$ cat model_14.pdb   # PDB, C-alpha atoms
ATOM      1  CA  MET A   1    -136.769 -19.160  93.678  1.00  0.00           C
ATOM      2  CA  ASN A   2    -139.189 -17.397  96.050  1.00  0.00           C
ATOM      3  CA  GLY A   3    -142.590 -15.902  95.148  1.00  0.00           C
ATOM      4  CA  CYS A   4    -141.278 -12.361  94.745  1.00  0.00           C
ATOM      5  CA  GLN A   5    -138.487 -13.500  92.442  1.00  0.00           C
ATOM      6  CA  SER A   6    -140.816 -15.558  90.271  1.00  0.00           C
ATOM      7  CA  ALA A   7    -143.336 -12.703  90.068  1.00  0.00           C
ATOM      8  CA  ILE A   8    -140.682 -10.270  88.888  1.00  0.00           C
ATOM      9  CA  LEU A   9    -139.866 -12.496  85.907  1.00  0.00           C
ATOM     10  CA  ALA A  10    -142.855 -10.867  84.217  1.00  0.00           C
ATOM     11  CA  LEU A  11    -141.059  -7.513  84.466  1.00  0.00           C
ATOM     12  CA  MET A  12    -137.730  -8.443  82.811  1.00  0.00           C
ATOM     13  CA  PRO A  13    -135.993  -5.054  83.195  1.00  0.00           C
ATOM     14  CA  LEU A  14    -132.877  -6.158  81.291  1.00  0.00           C
ATOM     15  CA  SER A  15    -131.981  -8.830  78.801  1.00  0.00           C
ATOM     16  CA  GLU A  16    -130.049 -10.522  81.621  1.00  0.00           C
ATOM     17  CA  LYS A  17    -133.324 -10.628  83.597  1.00  0.00           C
ATOM     18  CA  ALA A  18    -131.707  -8.686  86.449  1.00  0.00           C
ATOM     19  CA  VAL A  19    -133.054  -5.694  88.307  1.00  0.00           C
ATOM     20  CA  PRO A  20    -130.441  -2.908  88.270  1.00  0.00           C
ATOM     21  CA  LYS A  21    -129.912  -0.948  91.472  1.00  0.00           C
ATOM     22  CA  SER A  22    -127.589   1.794  92.593  1.00  0.00           C
ATOM     23  CA  ALA A  23    -127.088   4.388  95.296  1.00  0.00           C
ATOM     24  CA  LEU A  24    -128.797   7.670  94.402  1.00  0.00           C
ATOM     25  CA  PRO A  25    -127.682  10.682  96.457  1.00  0.00           C
ATOM     26  CA  THR A  26    -130.153  13.584  96.285  1.00  0.00           C
ATOM     27  CA  ASP A  27    -130.623  16.963  97.907  1.00  0.00           C
ATOM     28  CA  VAL A  28    -132.914  15.402 100.530  1.00  0.00           C
ATOM     29  CA  GLY A  29    -130.971  12.211 101.223  1.00  0.00           C
ATOM     30  CA  THR A  30    -129.550   9.047  99.705  1.00  0.00           C
ATOM     31  CA  PHE A  31    -131.850   6.389  98.258  1.00  0.00           C
ATOM     32  CA  THR A  32    -131.323   3.072  96.527  1.00  0.00           C
ATOM     33  CA  ILE A  33    -132.759   3.301  93.012  1.00  0.00           C
ATOM     34  CA  TYR A  34    -134.083   0.200  91.213  1.00  0.00           C
ATOM     35  CA  GLY A  35    -135.071   0.009  87.539  1.00  0.00           C
ATOM     36  CA  PHE A  36    -137.895  -2.118  86.124  1.00  0.00           C
ATOM     37  CA  GLU A  37    -139.388  -2.849  82.714  1.00  0.00           C
ATOM     38  CA  ASP A  38    -142.586  -4.722  81.967  1.00  0.00           C
ATOM     39  CA  SER A  39    -141.692  -7.230  79.237  1.00  0.00           C
ATOM     40  CA  LEU A  40    -145.267  -7.273  77.906  1.00  0.00           C
ATOM     41  CA  SER A  41    -146.093  -3.563  77.701  1.00  0.00           C
ATOM     42  CA  GLY A  42    -142.587  -2.101  77.643  1.00  0.00           C
ATOM     43  CA  GLU A  43    -143.544   0.238  80.480  1.00  0.00           C
ATOM     44  CA  GLU A  44    -140.620   1.345  82.644  1.00  0.00           C
ATOM     45  CA  ALA A  45    -140.565   2.446  86.277  1.00  0.00           C
ATOM     46  CA  VAL A  46    -138.040   3.263  88.959  1.00  0.00           C
ATOM     47  CA  ALA A  47    -138.286   2.793  92.700  1.00  0.00           C
ATOM     48  CA  LEU A  48    -136.365   4.998  95.128  1.00  0.00           C
ATOM     49  CA  VAL A  49    -136.070   3.035  98.348  1.00  0.00           C
ATOM     50  CA  ARG A  50    -135.205   4.332 101.810  1.00  0.00           C
ATOM     51  CA  GLY A  51    -134.178   1.821 104.472  1.00  0.00           C
ATOM     52  CA  ASP A  52    -135.450  -1.730 104.899  1.00  0.00           C
ATOM     53  CA  VAL A  53    -139.029  -1.901 103.592  1.00  0.00           C
ATOM     54  CA  ARG A  54    -139.688  -5.561 104.414  1.00  0.00           C
ATOM     55  CA  PRO A  55    -141.992  -6.741 107.249  1.00  0.00           C
ATOM     56  CA  PRO A  56    -142.501  -6.039 110.055  1.00  0.00           C
ATOM     57  CA  ARG A  57    -141.930  -2.501 108.746  1.00  0.00           C
ATOM     58  CA  VAL A  58    -144.813  -0.784 106.967  1.00  0.00           C
ATOM     59  CA  PRO A  59    -143.101   1.661 104.588  1.00  0.00           C
ATOM     60  CA  LEU A  60    -144.455   5.015 103.474  1.00  0.00           C
ATOM     61  CA  VAL A  61    -145.038   4.663  99.718  1.00  0.00           C
ATOM     62  CA  ARG A  62    -145.695   7.248  97.048  1.00  0.00           C
ATOM     63  CA  ILE A  63    -146.900   6.069  93.619  1.00  0.00           C
ATOM     64  CA  HIS A  64    -146.029   9.050  91.429  1.00  0.00           C
ATOM     65  CA  SER A  65    -147.136   9.078  87.811  1.00  0.00           C
ATOM     66  CA  GLN A  66    -144.812  10.836  85.390  1.00  0.00           C
ATOM     67  CA  CYS A  67    -145.691  14.453  84.619  1.00  0.00           C
ATOM     68  CA  LEU A  68    -143.026  15.885  82.335  1.00  0.00           C
ATOM     69  CA  THR A  69    -144.554  19.349  82.317  1.00  0.00           C
ATOM     70  CA  GLY A  70    -144.877  19.547  86.107  1.00  0.00           C
ATOM     71  CA  ASP A  71    -141.966  17.430  87.335  1.00  0.00           C
ATOM     72  CA  VAL A  72    -139.348  18.786  84.912  1.00  0.00           C
ATOM     73  CA  PHE A  73    -140.571  22.153  83.627  1.00  0.00           C
ATOM     74  CA  GLY A  74    -142.380  23.369  86.765  1.00  0.00           C
ATOM     75  CA  SER A  75    -145.766  23.829  85.082  1.00  0.00           C
ATOM     76  CA  ASN A  76    -148.335  25.805  87.061  1.00  0.00           C
ATOM     77  CA  ARG A  77    -151.223  23.924  85.435  1.00  0.00           C
ATOM     78  CA  CYS A  78    -150.982  21.166  88.068  1.00  0.00           C
ATOM     79  CA  ASP A  79    -149.481  20.331  91.468  1.00  0.00           C
ATOM     80  CA  CYS A  80    -147.453  17.313  90.288  1.00  0.00           C
ATOM     81  CA  GLY A  81    -143.966  18.810  90.590  1.00  0.00           C
ATOM     82  CA  ALA A  82    -144.668  20.109  94.087  1.00  0.00           C
ATOM     83  CA  GLN A  83    -146.058  16.717  95.098  1.00  0.00           C
ATOM     84  CA  LEU A  84    -142.966  14.905  93.816  1.00  0.00           C
ATOM     85  CA  LYS A  85    -140.621  17.150  95.789  1.00  0.00           C
ATOM     86  CA  ALA A  86    -142.748  16.962  98.952  1.00  0.00           C
ATOM     87  CA  ALA A  87    -142.988  13.168  98.690  1.00  0.00           C
ATOM     88  CA  LEU A  88    -139.220  12.789  98.386  1.00  0.00           C
ATOM     89  CA  ARG A  89    -138.729  14.954 101.479  1.00  0.00           C
ATOM     90  CA  LYS A  90    -141.278  12.982 103.481  1.00  0.00           C
ATOM     91  CA  ILE A  91    -139.870   9.597 102.482  1.00  0.00           C
ATOM     92  CA  ALA A  92    -136.305  10.769 103.168  1.00  0.00           C
ATOM     93  CA  GLY A  93    -137.408  11.472 106.733  1.00  0.00           C
ATOM     94  CA  GLU A  94    -138.765   7.946 107.230  1.00  0.00           C
ATOM     95  CA  SER A  95    -136.892   4.861 108.387  1.00  0.00           C
ATOM     96  CA  ALA A  96    -138.574   2.892 105.582  1.00  0.00           C
ATOM     97  CA  GLY A  97    -140.118   4.284 102.409  1.00  0.00           C
ATOM     98  CA  ILE A  98    -140.479   3.963  98.646  1.00  0.00           C
ATOM     99  CA  LEU A  99    -141.124   6.454  95.879  1.00  0.00           C
ATOM    100  CA  LEU A 100    -142.289   4.508  92.839  1.00  0.00           C
ATOM    101  CA  TYR A 101    -142.149   6.620  89.672  1.00  0.00           C
ATOM    102  CA  GLN A 102    -144.330   5.116  86.952  1.00  0.00           C
ATOM    103  CA  MET A 103    -144.331   6.272  83.334  1.00  0.00           C
ATOM    104  CA  GLN A 104    -148.092   6.817  82.988  1.00  0.00           C
ATOM    105  CA  GLU A 105    -148.112  10.388  81.720  1.00  0.00           C
ATOM    106  CA  GLY A 106    -151.398  12.291  81.719  1.00  0.00           C
ATOM    107  CA  ARG A 107    -153.163   9.782  83.989  1.00  0.00           C
ATOM    108  CA  GLY A 108    -152.278   7.063  81.500  1.00  0.00           C
ATOM    109  CA  ILE A 109    -153.044   8.695  78.122  1.00  0.00           C
ATOM    110  CA  GLY A 110    -149.442   9.522  77.174  1.00  0.00           C
ATOM    111  CA  LEU A 111    -147.529  12.757  76.676  1.00  0.00           C
ATOM    112  CA  ILE A 112    -148.826  13.783  73.240  1.00  0.00           C
ATOM    113  CA  ASN A 113    -152.422  13.080  74.156  1.00  0.00           C
ATOM    114  CA  LYS A 114    -151.920  15.049  77.368  1.00  0.00           C
ATOM    115  CA  LEU A 115    -150.831  18.024  75.281  1.00  0.00           C
ATOM    116  CA  ARG A 116    -153.925  17.557  73.137  1.00  0.00           C
ATOM    117  CA  ALA A 117    -155.930  17.613  76.366  1.00  0.00           C
ATOM    118  CA  TYR A 118    -154.185  20.875  77.286  1.00  0.00           C
ATOM    119  CA  GLU A 119    -155.389  22.339  73.974  1.00  0.00           C
ATOM    120  CA  LEU A 120    -158.966  21.434  74.876  1.00  0.00           C
ATOM    121  CA  GLN A 121    -158.548  22.854  78.378  1.00  0.00           C
ATOM    122  CA  ASP A 122    -157.371  26.123  76.833  1.00  0.00           C
ATOM    123  CA  GLN A 123    -160.766  26.208  75.122  1.00  0.00           C
ATOM    124  CA  GLY A 124    -162.596  25.966  78.441  1.00  0.00           C
ATOM    125  CA  VAL A 125    -163.148  22.292  79.318  1.00  0.00           C
ATOM    126  CA  ASP A 126    -161.740  20.730  82.481  1.00  0.00           C
ATOM    127  CA  THR A 127    -159.142  17.966  82.724  1.00  0.00           C
ATOM    128  CA  VAL A 128    -161.724  15.176  82.946  1.00  0.00           C
ATOM    129  CA  GLU A 129    -163.817  16.484  80.044  1.00  0.00           C
ATOM    130  CA  ALA A 130    -160.687  16.879  77.919  1.00  0.00           C
ATOM    131  CA  ASN A 131    -159.677  13.236  78.411  1.00  0.00           C
ATOM    132  CA  GLU A 132    -163.195  12.078  77.620  1.00  0.00           C
ATOM    133  CA  GLN A 133    -163.420  14.209  74.453  1.00  0.00           C
ATOM    134  CA  LEU A 134    -160.238  12.500  73.277  1.00  0.00           C
ATOM    135  CA  GLY A 135    -161.871   9.105  73.800  1.00  0.00           C
ATOM    136  CA  PHE A 136    -160.193   8.171  77.071  1.00  0.00           C
ATOM    137  CA  ALA A 137    -161.410   7.518  80.585  1.00  0.00           C
ATOM    138  CA  ALA A 138    -160.879  10.306  83.110  1.00  0.00           C
ATOM    139  CA  ASP A 139    -158.090   8.202  84.651  1.00  0.00           C
ATOM    140  CA  GLN A 140    -156.607   5.335  82.652  1.00  0.00           C
ATOM    141  CA  ARG A 141    -153.895   4.295  85.084  1.00  0.00           C
ATOM    142  CA  GLU A 142    -153.638   0.755  86.380  1.00  0.00           C
ATOM    143  CA  TYR A 143    -151.499  -0.622  89.178  1.00  0.00           C
ATOM    144  CA  GLN A 144    -150.550  -4.241  88.380  1.00  0.00           C
ATOM    145  CA  PHE A 145    -146.974  -3.240  87.501  1.00  0.00           C
ATOM    146  CA  CYS A 146    -146.687  -1.161  90.678  1.00  0.00           C
ATOM    147  CA  ALA A 147    -147.976  -4.027  92.809  1.00  0.00           C
ATOM    148  CA  GLU A 148    -145.443  -6.452  91.312  1.00  0.00           C
ATOM    149  CA  ILE A 149    -142.616  -4.011  92.036  1.00  0.00           C
ATOM    150  CA  LEU A 150    -143.749  -3.537  95.630  1.00  0.00           C
ATOM    151  CA  ARG A 151    -143.890  -7.318  96.117  1.00  0.00           C
ATOM    152  CA  TYR A 152    -140.418  -7.677  94.622  1.00  0.00           C
ATOM    153  CA  LEU A 153    -139.115  -5.128  97.135  1.00  0.00           C
ATOM    154  CA  GLY A 154    -140.837  -7.036  99.947  1.00  0.00           C
ATOM    155  CA  ALA A 155    -143.435  -4.357 100.728  1.00  0.00           C
ATOM    156  CA  ALA A 156    -146.719  -6.293 100.880  1.00  0.00           C
ATOM    157  CA  GLU A 157    -148.219  -3.846 103.404  1.00  0.00           C
ATOM    158  CA  ILE A 158    -147.782  -0.105 102.999  1.00  0.00           C
ATOM    159  CA  ARG A 159    -148.873   3.340 104.112  1.00  0.00           C
ATOM    160  CA  LEU A 160    -149.880   5.147 100.931  1.00  0.00           C
ATOM    161  CA  LEU A 161    -148.805   8.776 100.538  1.00  0.00           C
ATOM    162  CA  SER A 162    -151.650  10.047  98.380  1.00  0.00           C
ATOM    163  CA  ASN A 163    -154.891  12.018  98.236  1.00  0.00           C
ATOM    164  CA  ASN A 164    -156.337   9.670  95.614  1.00  0.00           C
ATOM    165  CA  PRO A 165    -158.576   6.827  96.881  1.00  0.00           C
ATOM    166  CA  ALA A 166    -158.435   5.209  93.430  1.00  0.00           C
ATOM    167  CA  LYS A 167    -154.743   4.430  93.988  1.00  0.00           C
ATOM    168  CA  LYS A 168    -155.567   2.652  97.237  1.00  0.00           C
ATOM    169  CA  GLN A 169    -158.314   0.663  95.531  1.00  0.00           C
ATOM    170  CA  GLY A 170    -156.098  -0.146  92.550  1.00  0.00           C
ATOM    171  CA  LEU A 171    -153.268  -1.469  94.714  1.00  0.00           C
ATOM    172  CA  GLU A 172    -155.563  -3.454  96.996  1.00  0.00           C
ATOM    173  CA  GLU A 173    -157.198  -5.090  93.978  1.00  0.00           C
ATOM    174  CA  LYS A 174    -153.704  -6.284  93.004  1.00  0.00           C
ATOM    175  CA  GLY A 175    -152.980  -7.755  96.434  1.00  0.00           C
ATOM    176  CA  ILE A 176    -151.152  -4.925  98.247  1.00  0.00           C
ATOM    177  CA  GLN A 177    -152.422  -4.182 101.749  1.00  0.00           C
ATOM    178  CA  VAL A 178    -152.835  -0.433 102.320  1.00  0.00           C
ATOM    179  CA  SER A 179    -153.053   0.048 106.066  1.00  0.00           C
ATOM    180  CA  ALA A 180    -153.302   3.863 105.943  1.00  0.00           C
ATOM    181  CA  MET A 181    -153.730   6.777 103.559  1.00  0.00           C
ATOM    182  CA  VAL A 182    -151.316   9.597 104.373  1.00  0.00           C
ATOM    183  CA  PRO A 183    -152.385  12.947 102.841  1.00  0.00           C
ATOM    184  CA  LEU A 184    -149.957  14.808 100.592  1.00  0.00           C
ATOM    185  CA  ARG A 185    -150.978  18.448 100.643  1.00  0.00           C
ATOM    186  CA  VAL A 186    -148.879  21.007  98.777  1.00  0.00           C
ATOM    187  CA  ARG A 187    -149.250  24.610  97.695  1.00  0.00           C
ATOM    188  CA  HIS A 188    -150.293  25.213  94.121  1.00  0.00           C
ATOM    189  CA  SER A 189    -150.509  28.251  91.886  1.00  0.00           C
ATOM    190  CA  ARG A 190    -153.759  30.079  91.198  1.00  0.00           C
ATOM    191  CA  ARG A 191    -153.430  28.831  87.625  1.00  0.00           C
ATOM    192  CA  ALA A 192    -154.149  25.340  88.983  1.00  0.00           C
ATOM    193  CA  ASP A 193    -157.236  26.231  91.047  1.00  0.00           C
ATOM    194  CA  SER A 194    -159.699  24.836  88.500  1.00  0.00           C
ATOM    195  CA  TYR A 195    -157.606  21.701  88.026  1.00  0.00           C
ATOM    196  CA  MET A 196    -157.553  21.079  91.771  1.00  0.00           C
ATOM    197  CA  ARG A 197    -161.318  21.565  92.069  1.00  0.00           C
ATOM    198  CA  THR A 198    -161.848  19.051  89.278  1.00  0.00           C
ATOM    199  CA  LYS A 199    -159.608  16.506  90.990  1.00  0.00           C
ATOM    200  CA  ARG A 200    -161.651  16.952  94.173  1.00  0.00           C
ATOM    201  CA  ASP A 201    -165.136  17.074  92.664  1.00  0.00           C
ATOM    202  CA  LYS A 202    -164.875  14.654  89.731  1.00  0.00           C
ATOM    203  CA  LEU A 203    -162.001  12.320  90.651  1.00  0.00           C
ATOM    204  CA  GLY A 204    -162.670  12.104  94.389  1.00  0.00           C
ATOM    205  CA  HIS A 205    -159.280  13.305  95.592  1.00  0.00           C
ATOM    206  CA  LEU A 206    -159.232  14.090  99.303  1.00  0.00           C
ATOM    207  CA  LEU A 207    -158.399  17.782  99.054  1.00  0.00           C
TER
END
$ encode --input "model_14.pdb" --output "structure tokens"
Amino acid sequence: MNGCQSAILALMPLSEKAVPKSALPTDVGTFTIYGFEDSLSGEEAVALVRGDVRPPRVPLVRIHSQCLTGDVFGSNRCDCGAQLKAALRKIAGESAGILLYQMQEGRGIGLINKLRAYELQDQGVDTVEANEQLGFAADQREYQFCAEILRYLGAAEIRLLSNNPAKKQGLEEKGIQVSAMVPLRVRHSRRADSYMRTKRDKLGHLL
């Protein structure tokens, strides 16, 4: 058993301890989709893989945190849905790439708490202040699970498709080499102007 295989034992996506995978045709191209589950936390994630992502290739990788309101319902409060679509298009155009979709809704506070944060934002606070008033950090996400998945797929060195330096730091702290940050700039609605300013000014996003 190699290092990647032994590391993935901590994930245990199925009772058979196998990682399911399948072809996934989409509007922008065909990917191979893998499913993972962390046996300790129960967190699930999927990886959409394009091409051979093992060395010497340095794949383009997007770590996309679940945003039900943006990704599914097209919310204009954020730019998440637009980022997901743009990332899929960019990765589909690469010879090697991964979109890793992690279930860390609301920057890690969960769906119901994110809706509570929306209530506070409706009263005039920003997205960071809302999280903090609920007793959370501004960004509660962590990247150990993502790093283990990337190692399982053979992608120890990546180009990260993100505007968020904290993602780069989080992955590097878990042993993933990030050789470049590739900006992901998308159009957003005027409704999201304040949200975008807060991401830039308080969370350090490169916007």
$ closest_residue --input "model_14.pdb" --among "A:Ala137, A:Val125, A:Val53, A:Cys67" --to "Leu150 of chain A" --atoms "only C-alpha atoms"
A:Val53
$ residues_near_point --input "model_14.pdb" --point "(-140.5, 0.3, 95.1)" --cutoff "10 Å" --atoms "all atoms listed in the file" --output "ChimeraX atom specification"
/A:32-36,45-50,53,59,61-63,97-101,146-155
$ residues_around --input "model_14.pdb" --residues "Lys85 of chain A" --least-positions-apart "5" --cutoff "9 Å" --atoms "all atoms listed in the file" --output "MDAnalysis selection string"
chainID A and resid 71 80 90
$ closest_residue --input "model_14.pdb" --among "A:Thr127, A:Gln102, A:Val58, A:Gly70" --to "Ile176 of chain A" --atoms "all atoms listed in the file"
A:Val58
$ resolve_selection --input "model_14.pdb" --expression "the PyMOL selection byres ((chain A and resi 193) around 12)" --output "list in words"
Asn76, Arg77, Cys78, Asp79, Asp126, Thr127, Arg187, His188, Ser189, Arg190, Arg191, Ala192, Ser194, Tyr195, Met196, Arg197, Thr198, Lys199, Arg200 and Leu207 of chain A
$ residues_around --input "model_14.pdb" --residues "Asn131 of chain A" --least-positions-apart "2" --cutoff "9 Å" --atoms "only C-alpha atoms" --output "PyMOL selection string"
chain A and resi 106+109+113-114+116-117+120+126-129+133-139
$ closest_residue --input "model_14.pdb" --among "A:Gln66, A:Gln169, A:Ser41, A:Gln83" --to "Arg185 of chain A" --atoms "only C-alpha atoms"
A:Gln83
$ closest_residue --input "model_14.pdb" --among "A:Gly170, A:Gly110, A:Pro165, A:Gly51" --to "Leu206 of chain A" --atoms "only C-alpha atoms"
A:Pro165
$ closest_residue --input "model_14.pdb" --among "A:Leu115, A:Met181, A:Ala86, A:Ala156" --to "His205 of chain A" --atoms "all atoms listed in the file"
A:Met181
$ closest_residue --input "model_14.pdb" --among "A:Glu142, A:Leu84, A:Thr69, A:Asp201" --to "Lys174 of chain A" --atoms "all atoms listed in the file"
A:Glu142
$ atom_distance --input "model_14.pdb" --atom1 "atom CA of Pro56 of chain A" --atom2 "atom CA of Gly29 of chain A"
23.3 Å
